[in-house]
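Chemist: Enclosed is the structure file run_10.txt (compact mmCIF, C-alpha atoms).
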```txt
# COMPACT_ATOMS: atom_id res chain seq x y z
CA MET W 1 48.84 -53.01 -6.03
CA SER W 2 46.44 -53.11 -8.91
CA LYS W 3 43.67 -54.05 -6.58
CA PHE W 4 44.36 -51.05 -4.41
CA LYS W 5 44.36 -48.65 -7.33
CA LYS W 6 41.08 -49.89 -8.63
CA LYS W 7 39.41 -49.24 -5.34
CA LYS W 8 40.58 -45.64 -5.32
CA SER W 9 39.17 -44.87 -8.73
CA GLU W 10 35.87 -46.37 -7.73
CA GLY W 11 35.71 -44.13 -4.65
CA GLN W 12 35.12 -40.93 -6.64
CA PRO W 13 32.89 -41.54 -9.62
CA ALA W 14 32.09 -38.59 -11.85
CA ILE W 15 28.87 -36.82 -10.90
CA SER W 16 26.30 -37.15 -13.61
CA THR W 17 25.34 -33.79 -15.08
CA ALA W 18 22.60 -35.23 -17.23
CA SER W 19 19.87 -33.76 -15.00
CA LEU W 20 21.46 -30.32 -14.85
CA PRO W 21 19.37 -28.92 -17.75
CA ASP W 22 16.24 -30.13 -16.03
CA ILE W 23 17.13 -28.35 -12.82
CA VAL W 24 18.04 -25.19 -14.65
CA PHE W 25 14.83 -25.30 -16.67
CA MET W 26 12.83 -25.66 -13.51
CA LEU W 27 14.45 -22.54 -12.07
CA LEU W 28 13.98 -20.78 -15.38
CA PHE W 29 10.28 -21.50 -15.47
CA PHE W 30 9.92 -20.32 -11.90
CA PHE W 31 11.50 -16.98 -12.69
CA MET W 32 9.62 -16.64 -15.97
CA VAL W 33 6.31 -17.09 -14.19
CA THR W 34 7.03 -14.87 -11.20
CA THR W 35 8.71 -12.03 -13.05
CA VAL W 36 6.84 -8.80 -13.57
CA MET W 37 8.20 -6.48 -16.18
CA ARG W 38 8.07 -2.81 -15.32
CA GLU W 39 5.16 -1.39 -17.25
CA VAL W 40 5.92 2.30 -17.15
CA THR W 41 9.10 4.29 -17.18
CA LEU W 42 9.06 6.65 -14.28
CA LEU W 43 9.28 10.30 -15.24
CA VAL W 44 9.12 11.44 -11.63
CA GLU W 45 11.43 10.74 -8.78
CA ILE W 46 9.75 8.85 -5.99
CA SER W 47 11.03 7.73 -2.65
CA LEU W 48 8.11 6.28 -0.79
CA PRO W 49 7.34 7.22 2.81
CA ALA W 50 7.74 4.59 5.49
CA ALA W 51 4.89 3.13 7.50
CA THR W 52 4.36 0.24 9.86
CA GLU W 53 0.66 -0.53 9.42
CA VAL W 54 0.84 -1.54 5.79
CA GLU W 55 -1.34 -3.95 3.88
CA LYS W 56 -0.42 -5.85 0.78
CA LEU W 57 -2.06 -4.83 -2.46
CA LYS W 58 -3.93 -7.81 -3.76
CA ARG W 59 -4.79 -8.41 -7.41
CA LYS W 60 -2.26 -6.25 -9.16
CA ASN W 61 -4.25 -6.20 -12.39
CA LEU W 62 -6.95 -4.23 -10.59
CA VAL W 63 -4.69 -1.39 -9.54
CA SER W 64 -4.24 1.89 -11.36
CA TYR W 65 -1.18 3.83 -10.37
CA ILE W 66 -0.94 7.57 -9.95
CA TYR W 67 2.60 8.85 -9.53
CA VAL W 68 3.34 12.19 -7.93
CA GLY W 69 6.80 13.67 -7.55
CA SER W 70 9.43 16.00 -8.94
CA PRO W 71 10.64 15.25 -12.48
CA THR W 72 13.72 13.04 -12.66
CA LYS W 73 17.17 14.62 -12.84
CA GLN W 74 17.47 14.33 -16.64
CA LEU W 75 14.09 15.99 -17.17
CA GLN W 76 14.49 18.77 -14.64
CA SER W 77 16.09 21.11 -17.16
CA THR W 78 12.95 20.99 -19.31
CA PHE W 79 10.22 20.56 -16.73
CA GLY W 80 11.62 22.20 -13.61
CA THR W 81 11.45 20.77 -10.13
CA GLU W 82 7.81 21.49 -9.34
CA PRO W 83 6.04 18.21 -8.39
CA ARG W 84 4.04 16.69 -11.19
CA ILE W 85 1.51 13.94 -11.68
CA GLN W 86 2.34 11.04 -13.95
CA LEU W 87 -0.34 8.85 -15.47
CA ASN W 88 0.76 5.98 -17.67
CA ASP W 89 3.82 7.23 -19.56
CA THR W 90 3.24 10.96 -19.62
CA TYR W 91 2.95 13.93 -17.33
CA ALA W 92 -0.59 14.93 -16.62
CA THR W 93 -2.52 17.61 -14.85
CA VAL W 94 -5.18 17.16 -12.21
CA ASP W 95 -7.88 17.55 -14.86
CA ASP W 96 -6.69 14.44 -16.71
CA ILE W 97 -7.37 12.13 -13.78
CA GLN W 98 -11.08 11.66 -14.42
CA GLU W 99 -10.38 10.68 -18.01
CA PHE W 100 -7.63 8.32 -16.86
CA ILE W 101 -9.97 6.59 -14.44
CA GLY W 102 -12.50 6.28 -17.24
CA GLN W 103 -9.91 4.60 -19.44
CA GLU W 104 -8.88 2.23 -16.66
CA ARG W 105 -12.51 1.28 -16.14
CA ASP W 106 -13.17 0.72 -19.84
CA ALA W 107 -10.19 -1.61 -20.09
CA ARG W 108 -11.79 -3.97 -17.62
CA SER W 109 -15.07 -5.81 -17.27
CA GLU W 110 -17.85 -4.20 -15.31
CA GLU W 111 -17.33 -6.45 -12.30
CA GLU W 112 -13.63 -5.75 -12.17
CA ALA W 113 -14.07 -2.02 -12.68
CA LYS W 114 -15.89 -1.84 -9.35
CA ALA W 115 -12.94 -3.39 -7.56
CA LEU W 116 -10.39 -0.97 -9.01
CA THR W 117 -7.99 0.47 -6.48
CA ASN W 118 -6.03 3.64 -7.04
CA SER W 119 -2.53 3.45 -5.71
CA ILE W 120 -1.04 6.85 -5.05
CA LYS W 121 2.71 6.64 -5.28
CA ALA W 122 3.97 9.97 -4.07
CA ASP W 123 7.34 11.23 -2.99
CA VAL W 124 7.93 12.07 0.68
CA ASP W 125 8.71 15.70 -0.14
CA VAL W 126 5.48 16.38 -2.01
CA LYS W 127 3.10 18.78 -0.33
CA MET W 128 -0.44 17.70 0.51
CA GLY W 129 -2.00 20.32 -1.78
CA ILE W 130 -1.42 18.29 -4.91
CA ILE W 131 -2.44 15.05 -3.18
CA THR W 132 -5.66 16.67 -1.99
CA ASP W 133 -6.40 17.77 -5.55
CA VAL W 134 -5.82 14.21 -6.78
CA LYS W 135 -8.12 12.84 -4.10
CA GLN W 136 -10.84 15.35 -4.96
CA GLU W 137 -10.66 14.30 -8.62
CA LEU W 138 -10.90 10.64 -7.65
CA ARG W 139 -13.99 11.41 -5.63
CA LYS W 140 -15.49 13.23 -8.59
CA ALA W 141 -14.70 10.20 -10.76
CA GLN W 142 -16.45 8.06 -8.13
CA SER W 143 -13.41 5.90 -7.60
CA TYR W 144 -13.23 5.70 -3.85
CA LYS W 145 -10.76 2.95 -3.09
CA ILE W 146 -7.30 4.34 -2.61
CA ASN W 147 -4.03 3.07 -1.33
CA TYR W 148 -1.15 5.26 -0.23
CA ALA W 149 1.93 3.36 -1.35
CA THR W 150 4.47 3.09 1.45
CA ARG W 151 7.52 1.13 2.33
CA ARG W 152 7.24 -1.37 5.15
CA ASP W 153 9.70 0.11 7.56
CA ILE W 154 9.83 -0.13 11.30
CA ALA W 155 13.25 1.28 12.11
CA SER W 156 12.80 4.76 10.69
CA ILE W 157 9.50 5.41 12.45
CA ARG W 158 10.32 4.45 15.97
CA MET F 1 18.09 -48.95 -43.59
CA ALA F 2 21.43 -47.39 -43.15
CA ARG F 3 20.36 -44.43 -45.28
CA SER F 4 17.26 -43.60 -43.34
CA LYS F 5 19.25 -43.69 -40.16
CA ARG F 6 21.63 -41.13 -41.57
CA GLY F 7 18.68 -38.98 -42.73
CA ILE F 8 17.65 -38.03 -39.19
CA PRO F 9 20.78 -37.32 -37.21
CA GLU F 10 20.44 -36.92 -33.49
CA ILE F 11 20.35 -33.32 -32.28
CA ASN F 12 23.12 -32.54 -29.85
CA ALA F 13 21.53 -31.54 -26.59
CA GLY F 14 24.77 -30.76 -24.86
CA SER F 15 24.36 -26.99 -25.18
CA MET F 16 20.81 -27.00 -23.91
CA ALA F 17 22.00 -26.34 -20.39
CA ASP F 18 23.97 -23.32 -21.59
CA ILE F 19 20.96 -21.84 -23.34
CA ALA F 20 18.78 -22.45 -20.33
CA PHE F 21 21.39 -20.85 -18.09
CA LEU F 22 21.52 -17.80 -20.30
CA LEU F 23 17.75 -17.37 -20.12
CA LEU F 24 17.78 -18.05 -16.41
CA ILE F 25 20.33 -15.34 -15.78
CA PHE F 26 18.34 -12.90 -17.89
CA PHE F 27 15.18 -13.48 -15.82
CA LEU F 28 17.14 -13.43 -12.58
CA VAL F 29 18.45 -9.99 -13.42
CA THR F 30 15.21 -8.48 -14.70
CA THR F 31 12.90 -9.87 -12.06
CA THR F 32 11.66 -7.62 -9.27
CA MET F 33 10.25 -9.35 -6.27
CA ASP F 34 8.80 -6.30 -4.54
CA VAL F 35 5.24 -6.53 -3.35
CA ASP F 36 3.23 -3.35 -3.41
CA THR F 37 2.31 -2.34 0.08
CA GLY F 38 0.48 0.64 1.40
CA ILE F 39 -2.16 2.10 3.67
CA GLN F 40 -5.67 1.37 2.43
CA ARG F 41 -8.27 4.09 2.72
CA LYS F 42 -11.70 4.75 1.36
CA LEU F 43 -12.62 8.21 0.13
CA PRO F 44 -16.01 9.62 1.03
CA GLU F 45 -18.52 10.36 -1.66
CA MET F 46 -18.68 13.83 -3.09
CA PRO F 47 -21.20 15.93 -1.16
CA ASP F 48 -24.31 16.80 -3.08
CA GLU F 49 -24.22 20.48 -3.97
CA ASN F 50 -27.99 20.84 -3.78
CA ALA F 51 -28.32 19.10 -0.47
CA PRO F 52 -28.55 21.28 2.63
CA PRO F 53 -25.34 21.51 4.66
CA PRO F 54 -25.07 18.67 7.17
CA GLU F 55 -25.88 19.43 10.74
CA ASN F 56 -22.81 19.32 12.84
CA ASN F 57 -24.40 18.91 16.22
CA GLN F 58 -25.50 15.33 15.53
CA ALA F 59 -22.25 13.97 16.84
CA ASN F 60 -21.49 15.09 20.34
CA LYS F 61 -18.32 17.09 20.63
CA ARG F 62 -16.74 14.55 22.96
CA ASN F 63 -17.06 11.87 20.29
CA ILE F 64 -14.91 13.72 17.80
CA PHE F 65 -11.15 13.51 17.99
CA VAL F 66 -9.90 16.45 15.97
CA VAL F 67 -6.44 16.06 14.47
CA LEU F 68 -5.11 19.10 12.66
CA VAL F 69 -1.80 19.19 10.82
CA ASN F 70 -0.50 22.58 9.74
CA ALA F 71 1.90 23.59 6.99
CA TYR F 72 4.85 23.26 9.35
CA ASP F 73 3.94 19.62 10.06
CA GLN F 74 2.84 20.44 13.59
CA LEU F 75 -0.01 18.56 15.21
CA LEU F 76 -2.94 20.05 17.05
CA VAL F 77 -5.06 17.38 18.69
CA ASN F 78 -8.28 18.47 20.40
CA GLU F 79 -6.85 22.00 20.59
CA GLU F 80 -3.61 20.93 22.18
CA PRO F 81 -0.23 20.69 20.45
CA MET F 82 1.08 17.14 20.37
CA ASP F 83 4.08 15.13 19.26
CA ILE F 84 3.56 12.41 16.68
CA GLU F 85 4.90 9.86 19.18
CA ASP F 86 1.96 10.48 21.50
CA LEU F 87 -0.73 10.34 18.83
CA LYS F 88 -1.22 6.58 18.89
CA ARG F 89 -1.53 6.38 22.66
CA LYS F 90 -3.96 9.30 22.75
CA THR F 91 -6.07 7.83 19.96
CA VAL F 92 -6.29 4.51 21.77
CA GLU F 93 -7.32 6.35 24.93
CA PHE F 94 -9.96 8.26 23.03
CA VAL F 95 -11.52 5.31 21.18
CA ASP F 96 -11.33 2.94 24.11
CA ASN F 97 -12.68 5.46 26.64
CA ASN F 98 -16.14 3.89 27.04
CA GLY F 99 -17.74 7.02 28.46
CA ASP F 100 -21.33 5.72 28.54
CA GLY F 101 -20.36 2.27 29.79
CA SER F 102 -22.10 0.42 26.96
CA CYS F 103 -18.87 -1.18 25.71
CA THR F 104 -18.18 -4.38 27.63
CA TYR F 105 -14.78 -5.13 26.10
CA CYS F 106 -13.26 -1.66 26.51
CA GLN F 107 -10.61 -0.95 29.09
CA GLY F 108 -10.78 2.83 28.97
CA SER F 109 -10.73 5.13 31.95
CA ARG F 110 -14.27 6.51 31.26
CA ARG F 111 -13.24 10.13 31.22
CA PRO F 112 -16.01 12.68 30.63
CA ASN F 113 -14.19 14.51 27.84
CA LEU F 114 -13.43 11.50 25.62
CA SER F 115 -15.67 9.29 23.50
CA ASP F 116 -18.87 7.53 24.61
CA ASN F 117 -18.05 4.21 22.94
CA PRO F 118 -15.95 2.96 20.00
CA ASP F 119 -18.98 2.92 17.72
CA LYS F 120 -19.57 6.63 18.20
CA ALA F 121 -15.94 7.69 18.20
CA ILE F 122 -14.89 9.58 15.10
CA VAL F 123 -11.39 10.67 14.27
CA SER F 124 -11.47 13.84 12.21
CA LEU F 125 -8.32 14.54 10.28
CA GLN F 126 -7.62 17.84 8.60
CA ASN F 127 -4.45 18.93 6.92
CA ASP F 128 -3.18 22.06 5.27
CA ARG F 129 -2.21 22.23 1.61
CA GLY F 130 1.33 22.86 2.76
CA THR F 131 1.56 19.76 4.96
CA SER F 132 4.22 17.38 3.71
CA TYR F 133 3.12 14.01 2.39
CA GLU F 134 5.54 12.33 4.75
CA MET F 135 3.85 13.84 7.79
CA TYR F 136 0.40 13.01 6.46
CA ILE F 137 1.37 9.35 6.03
CA LYS F 138 2.88 9.32 9.51
CA VAL F 139 -0.37 10.60 10.99
CA GLN F 140 -2.44 8.12 8.97
CA ASN F 141 -0.06 5.40 10.07
CA GLU F 142 -0.36 6.28 13.76
CA LEU F 143 -4.15 6.36 13.54
CA ALA F 144 -4.17 2.99 11.80
CA ALA F 145 -1.74 1.68 14.42
CA ALA F 146 -4.08 2.76 17.21
CA TYR F 147 -7.03 0.92 15.70
CA ASN F 148 -4.89 -2.12 14.95
CA GLU F 149 -3.75 -2.24 18.55
CA LEU F 150 -7.33 -2.20 19.81
CA ARG F 151 -8.42 -4.80 17.28
CA ASN F 152 -5.51 -7.04 18.09
CA ARG F 153 -6.35 -6.84 21.76
CA ALA F 154 -10.00 -7.65 21.15
CA SER F 155 -9.06 -10.45 18.80
CA ASN F 156 -6.64 -11.96 21.29
CA GLN F 157 -9.26 -11.86 24.00
CA LYS F 158 -11.93 -13.42 21.87
CA PHE F 159 -10.11 -15.81 19.56
CA GLY F 160 -6.64 -16.04 21.03
CA VAL F 161 -4.87 -14.91 17.86
CA ASN F 162 -3.89 -11.64 16.26
CA PHE F 163 -6.33 -9.75 14.03
CA ASP F 164 -4.53 -10.51 10.79
CA GLN F 165 -4.78 -14.26 11.38
CA LEU F 166 -8.57 -14.29 11.62
CA ASN F 167 -10.90 -15.51 8.91
CA ASP F 168 -13.28 -13.12 7.18
CA GLU F 169 -16.18 -13.72 9.51
CA GLN F 170 -14.19 -13.24 12.70
CA ARG F 171 -12.54 -10.23 11.16
CA LYS F 172 -15.93 -8.62 10.54
CA GLU F 173 -16.92 -9.25 14.12
CA ILE F 174 -13.84 -7.48 15.45
CA GLN F 175 -14.32 -4.69 12.95
CA THR F 176 -17.80 -4.01 14.30
CA MET F 177 -16.36 -3.96 17.80
CA TYR F 178 -13.89 -1.27 16.79
CA PRO F 179 -15.11 0.37 13.59
CA GLN F 180 -12.45 2.54 12.03
CA LYS F 181 -14.08 5.91 11.58
CA ILE F 182 -11.54 8.29 10.23
CA SER F 183 -13.13 11.21 8.49
CA GLU F 184 -11.19 13.70 6.48
CA ALA F 185 -12.54 17.21 6.40
CA GLU F 186 -13.51 18.78 3.10
CA PRO F 187 -10.41 20.55 1.84
CA LYS F 188 -10.38 24.26 2.30
CA ASN F 189 -7.65 26.78 2.09
CA VAL F 190 -6.51 27.63 5.55
CA GLY F 191 -3.89 30.29 5.97
CA SER F 192 -0.63 28.74 6.95
```
What would you get if you wrote out this structure as structure tokens?

Modeler:
Amino acid sequence: MSKFKKKKSEGQPAISTASLPDIVFMLLFFFMVTTVMREVTLLVEISLPAATEVEKLKRKNLVSYIYVGSPTKQLQSTFGTEPRIQLNDTYATVDDIQEFIGQERDARSEEEAKALTNSIKADVDVKMGIITDVKQELRKAQSYKINYATRRDIASIR
Amino acid sequence: MARSKRGIPEINAGSMADIAFLLLIFFLVTTTMDVDTGIQRKLPEMPDENAPPPENNQANKRNIFVVLVNAYDQLLVNEEPMDIEDLKRKTVEFVDNNGDGSCTYCQGSRRPNLSDNPDKAIVSLQNDRGTSYEMYIKVQNELAAAYNELRNRASNQKFGVNFDQLNDEQRKEIQTMYPQKISEAEPKNVGS
């Protein structure tokens, strides 16, 4: 009888949890390294258009973002619904773009400044007029690389 | 001996896992894994104001594929209305036409009204200020899709793999076979 009992207790030994912190730390470090904190608070509402022929943006530190869209719901009472341009954390006009590009260039080394890409994040409902103005300003600022931010979406196109 | 042992008590590491879990959950919640994707384009340089206006007759009319988008998001391609679904096919036909027979890898039908060869073919895109951004991206997407299709075909013929799997050198070779020449007209206010 006693022999039988002993065997049973040996069959299910307690799982050692001593390595649990190590595993958790490993996961923690992974997420700490990969995480990207949102740099700006969006003041405009943006739902990106869908496209199939998209390319990934490489080297995120060499991208300056230009947001175009209607002000968010909370801000619509003060700023209306007319589409606006957002640079960094504030609303801007078309005339501010050249200065903004200058700032983005100054923040980087000369080599990196040449590789700067402008990512235009615009809402689907925005009209091309404002986008054309933005593009003209970028040309004037001699910053020619642009990227129209889109979602990778196959279903909605076909 | 006994005293010094009491002086440095062992730190209890039992709650370490809890602390690590807490941090882990925080980073799990705040992390965003989205990769920025988009359509890459290069803007042309600003035209010199003092320079004389460029001569338009350098490029033969058959080598220009004119895509107009009006304020109602309607397409006019080479003076004919067109649906967005047909744009890709028509662009491929235009670029791949091989009118002068100099392009050995083209499979076009050599029509007299379409381009001479892919090197000469230019897609000219013009939109109204009232065109929606969504439509503009759709058109850009279809044009890019047309070129990607041609490049993929050329790449499969030559290297047996798709264009995006090539190395830089092979990529350049395919790009010279089908150079992507999409020109956007200088903006002007057209009545909608």

Chemist: Find the residues in chain W near chain F: any atom within 7 Å counts, using only C-alpha atoms. Write them as a PyMOL selection string.

Modeler: chain W and resi 20-21+24-25+28+31-32+35-36+49+51-57+124-129+139-140+144-151

Chemist: Quick one: pull the distance between atom CA of W:Leu87 and atom CA of W:Gln142, Å, one decimal.

Modeler: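 Going from atom CA of W:Leu87 over to atom CA of W:Gln142, I get 17.7 Å.
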
Chemist: For F:Tyr178, list every protein, DNA or RNA residue within 10 Å, evaluated using all atoms listed in the file, and leave out those in the same chain fewer than 2 positions away; present the list as a list in words.

Modeler: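 Here the answer would be Val95, Asp96, Cys106, Asn117, Pro118, Asp119, Lys120, Ala121, Tyr147, Asn148, Leu150, Arg151, Ala154, Lys172, Glu173, Ile174, Gln175, Thr176, Gln180 and Lys181 of chain F.
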
Chemist: What separation in Å, quoted to one decimal, exists between atom CA of W:Val40 and atom CA of W:Tyr67?

Modeler: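 Value for the atom CA of W:Val40-atom CA of W:Tyr67 distance: 10.6 Å.
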
Chemist: I'd like the interatomic distance between atom CA of F:Glu49 and atom CA of F:Gln126, to a tenth of an Å.

Modeler: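 Atom CA of F:Gln126 lies at a distance of 21.0 Å from atom CA of F:Glu49.
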